[in-house]
Amino acid sequence: MRAFVLTAPGEFAVRSVPAPVAAPGEVVVDVERVGVCGTDLEFFTGAMTYLHQGHAAYPMRLGHEWAGRVRTVGAGVDPVWIGRRVMGDTMLGCGTCRRCRRGGQHVCEQREEVGIRGGRAGALAERLAVPVGSLHVLPDSVDPVLGALVEPGGNALRAARATGAGAGDRVLVLGPGTIGLLVALFARAAGAEVHLMGATEASLAFARSLGFPHAWREDTLPDLPFDAVVDATNAVHLPALAQELVEPGGRLVYIGLAGEPSRIDTRTLVLKDVTAIGVLSASPGLDATIKAYADKVVDPRPLVAATVALDAIGAVLAGERPPGAGPGPKIHVDPGLV
């Protein structure tokens with residue numbers, strides 16, 4: 001099969017590689033759609049922390065936001081899975097440690113992460129092998145576009161819920177990228193008044209096109225009380241700014257990761273009686289996200305700017321915008337395109 005292989009920072013190739021075979025407890029999926037993520041970009045540049053911690057190494061196959069159809073099953077897997085449309089959890093815990101036994105496989109110390117950690121091949125390929133226990137069935141109303149947006153949506157849903165915001169509350173989302181916009185969509189669906197802060201007029205204009213009139217730059221942000229602030233950026237200074245902006249008794253949600261350590265003053269957390277929450281993974285939010293998409297509670301389709309073939313991924317990771325791409329922040333890959 002064909003697969004996108006990253007061999008070193010900035011070095012890649014689309015290669016013919018052996019097609020995966022389902023091991024016991026696994027399935028092989030025909031990949032229909034994959035999202036290109038900021039984590040993939042960090043591997044492309046060599047900045048990803050896992051590379052320096054020994055959790056990942058080149059060569060590697062990226063891709064963890066995916067949807068597809070089960071092709072074959074391994075020993076011990078019910079054949080009823082064959083033909084089902086699915087997406088999969090990125091986080092694959094060991095299944096036996098204390099965290100896994102408590103339902104926290106996404107924070108398992110020994111976890112693999114599809115396309116990210118532990119050498120588990122990702123979905124930027126025609127086929128993908130994953131444990132059957134990681135699968136989530138997609139209803140007919142959730143097509144491959146939405147299916148590949150479930151993983152980022154699960155992260156965003158968890159972040160939106162962590163704000164505790166609803167009707168009568170005002171939420172500020174820092175960063176109108178894919179995750180930030182998804183957080184905004186879920187927070188708005190919960191009844192909150194949502195504001196977004198971004199760095200470029202183009203990103204703010206796109207946010208406004210989604211029905212978010214309160215879209216600001218840092219220097220134009222109005223002096224308003226924000227009951228919750230979500231940092232969905234990689235800016236080093238914004239975690240501290242979020243502390244300054246949140247109302248006393250409010251909530252801070254950190255879902256973005258800066259390339260170097262950011263600093264917050266815990267005295268501010270205490271003196272403002274603020275709750276701070278970190279969100280690592282979509283795992284606990286996947287089923288709820290699939291339901292939200294199926295029920296049309298939110299519609300993330302406009303976030304997808306273009307769908308490209310495997311051969312175009314390198315250019316996308318290098319920062320090139322696909323010809324004819326729309327204004328959204330997300331690029332999808334269809335491994336079946338040539």
# chains A, B, ... in the order shown; residues from 1 in each chain; ligands from 1

$ closest_atom_pairs --of "stretch 120-192 of chain A" --to "stretch 29-41 of chain A" --cutoff "6 Å" --atoms "only C-alpha atoms" --output "JSON lines"
{"residue": "A:Glu126", "atom": "CA", "partner": "A:Val31", "partner_atom": "CA", "distance": 5.5}
{"residue": "A:Arg127", "atom": "CA", "partner": "A:Asp30", "partner_atom": "CA", "distance": 4.7}
{"residue": "A:Leu128", "atom": "CA", "partner": "A:Val29", "partner_atom": "CA", "distance": 5.2}
{"residue": "A:Pro144", "atom": "CA", "partner": "A:Arg33", "partner_atom": "CA", "distance": 5.8}
{"residue": "A:Ala148", "atom": "CA", "partner": "A:Val34", "partner_atom": "CA", "distance": 5.7}

$ residues_around --residues "A:Val194" --least-positions-apart "3" --cutoff "12 Å" --atoms "only C-alpha atoms" --output "VMD selection string"
chain A and resid 160 163 165 to 174 176 180 to 191 197 207 to 208 210 to 216 224 to 230

$ residues_around --residues "A:Ala22" --least-positions-apart "4" --cutoff "12 Å" --atoms "only C-alpha atoms" --output "MDAnalysis selection string"
chainID A and resid 26:29 70:77 127:132

$ write_last_selection --atoms "C-alpha atoms" --output "PDB file, in the first residue's frame"
ATOM      1  CA  GLU A  26      -6.934  -5.845  16.006  1.00  0.00           C
ATOM      2  CA  VAL A  27      -8.697  -4.766  12.840  1.00  0.00           C
ATOM      3  CA  VAL A  28      -7.409  -3.345   9.576  1.00  0.00           C
ATOM      4  CA  VAL A  29      -9.257  -0.266   8.342  1.00  0.00           C
ATOM      5  CA  VAL A  70     -13.163  -2.000   8.713  1.00  0.00           C
ATOM      6  CA  ARG A  71     -11.644  -4.290   6.086  1.00  0.00           C
ATOM      7  CA  THR A  72     -10.440  -7.341   8.032  1.00  0.00           C
ATOM      8  CA  VAL A  73     -10.316  -8.561  11.626  1.00  0.00           C
ATOM      9  CA  GLY A  74      -7.717 -10.480  13.586  1.00  0.00           C
ATOM     10  CA  ALA A  75      -8.090 -13.499  15.807  1.00  0.00           C
ATOM     11  CA  GLY A  76     -10.555 -13.030  18.618  1.00  0.00           C
ATOM     12  CA  VAL A  77     -12.416 -10.164  16.929  1.00  0.00           C
ATOM     13  CA  ARG A 127      -4.826   1.164   5.485  1.00  0.00           C
ATOM     14  CA  LEU A 128      -4.372   1.212   9.227  1.00  0.00           C
ATOM     15  CA  ALA A 129      -4.196  -1.481  11.912  1.00  0.00           C
ATOM     16  CA  VAL A 130      -5.613  -0.639  15.364  1.00  0.00           C
ATOM     17  CA  PRO A 131      -6.996  -2.521  18.387  1.00  0.00           C
ATOM     18  CA  VAL A 132     -10.708  -3.214  18.086  1.00  0.00           C
TER      19      VAL A 132
END

$ residues_around --residues "A:Ala125" --least-positions-apart "3" --cutoff "12 Å" --atoms "only C-alpha atoms" --output "ChimeraX atom specification"
/A:1-5,13-20,28-34,60-64,66-68,115,121-122,128-129,309-311,313,333-337

$ closest_residue --among "A:Asp299, A:Asp265, A:Asp231, A:Glu247" --to "A:Gly147" --atoms "only C-alpha atoms"
A:Asp299

$ select_by_dssp --residues "stretch 52-114 of chain A" --states "alpha helix (DSSP H)" --output "ChimeraX atom specification"
/A:52-53,98-101

$ atom_distance --atom1 "atom CA of A:Met87" --atom2 "atom CA of A:Ser203"
28.3 Å

$ residues_around --residues "A:Leu257" --least-positions-apart "5" --cutoff "10 Å" --atoms "only C-alpha atoms" --output "PyMOL selection string"
chain A and resi 39+231-236+239+262+280

$ write_last_selection --atoms "C-alpha atoms" --output "short mmCIF file (atom, residue, chain, number, x, y, z; two decimals), in the first residue's frame"
data_model
loop_
_atom_site.label_atom_id
_atom_site.label_comp_id
_atom_site.auth_asym_id
_atom_site.auth_seq_id
_atom_site.Cartn_x
_atom_site.Cartn_y
_atom_site.Cartn_z
CA THR A 39 1.15 17.68 16.25
CA ASP A 231 -6.09 28.85 25.84
CA ALA A 232 -5.97 26.93 22.57
CA THR A 233 -2.72 28.47 21.30
CA ASN A 234 1.00 27.74 21.29
CA ALA A 235 1.90 31.24 22.50
CA VAL A 236 4.17 31.28 25.54
CA PRO A 239 -1.42 31.20 29.68
CA SER A 262 5.07 29.06 29.76
CA LEU A 280 -4.66 16.26 26.95
#

$ residues_around --residues "A:Ala199" --least-positions-apart "3" --cutoff "8 Å" --atoms "only C-alpha atoms" --output "JSON, numbers by chain"
{"A": [175, 203, 204, 217, 218]}

$ write_last_selection --atoms "N, CA, C and O atoms" --output "tab-separated table (two decimals), in the first residue's frame"
chain	number	residue	atom	x	y	z
A	175	GLY	N	-7.17	31.81	20.43
A	175	GLY	CA	-6.71	31.00	19.32
A	175	GLY	C	-7.83	30.48	18.44
A	175	GLY	O	-8.45	29.47	18.79
A	203	SER	N	-7.89	35.06	10.21
A	203	SER	CA	-8.47	34.06	11.11
A	203	SER	C	-9.69	34.61	11.83
A	203	SER	O	-10.67	33.90	12.07
A	204	LEU	N	-9.63	35.88	12.19
A	204	LEU	CA	-10.77	36.49	12.88
A	204	LEU	C	-11.96	36.67	11.93
A	204	LEU	O	-13.11	36.47	12.33
A	217	ARG	N	-8.37	41.02	18.22
A	217	ARG	CA	-6.92	40.89	18.40
A	217	ARG	C	-6.60	41.21	19.86
A	217	ARG	O	-7.44	41.78	20.58
A	218	GLU	N	-5.40	40.89	20.27
A	218	GLU	CA	-5.03	41.13	21.67
A	218	GLU	C	-5.15	42.61	22.02
A	218	GLU	O	-5.55	42.96	23.14

$ select_by_dssp --residues "stretch 117-199 of chain A" --states "strand (DSSP E or B)" --output "list in words"
Arg117, Ala125, Arg127, Leu128, Ala129, Val130, Pro131, Leu135, His136, Val137, Arg170, Val171, Leu172, Val173, Leu174, Glu193, Val194, His195, Leu196 and Met197 of chain A

$ closest_residue --among "A:Ser209, A:Gln243, A:Thr275, A:Leu221" --to "A:Pro327" --atoms "only C-alpha atoms"
A:Ser209

$ closest_residue --among "A:Leu286, A:Val114, A:Val145, A:Val253" --to "A:Leu303" --atoms "only C-alpha atoms"
A:Val145

$ closest_residue --among "A:Ala123, A:Ile290, A:Met91, A:Val80" --to "A:Gly103" --atoms "only C-alpha atoms"
A:Met91
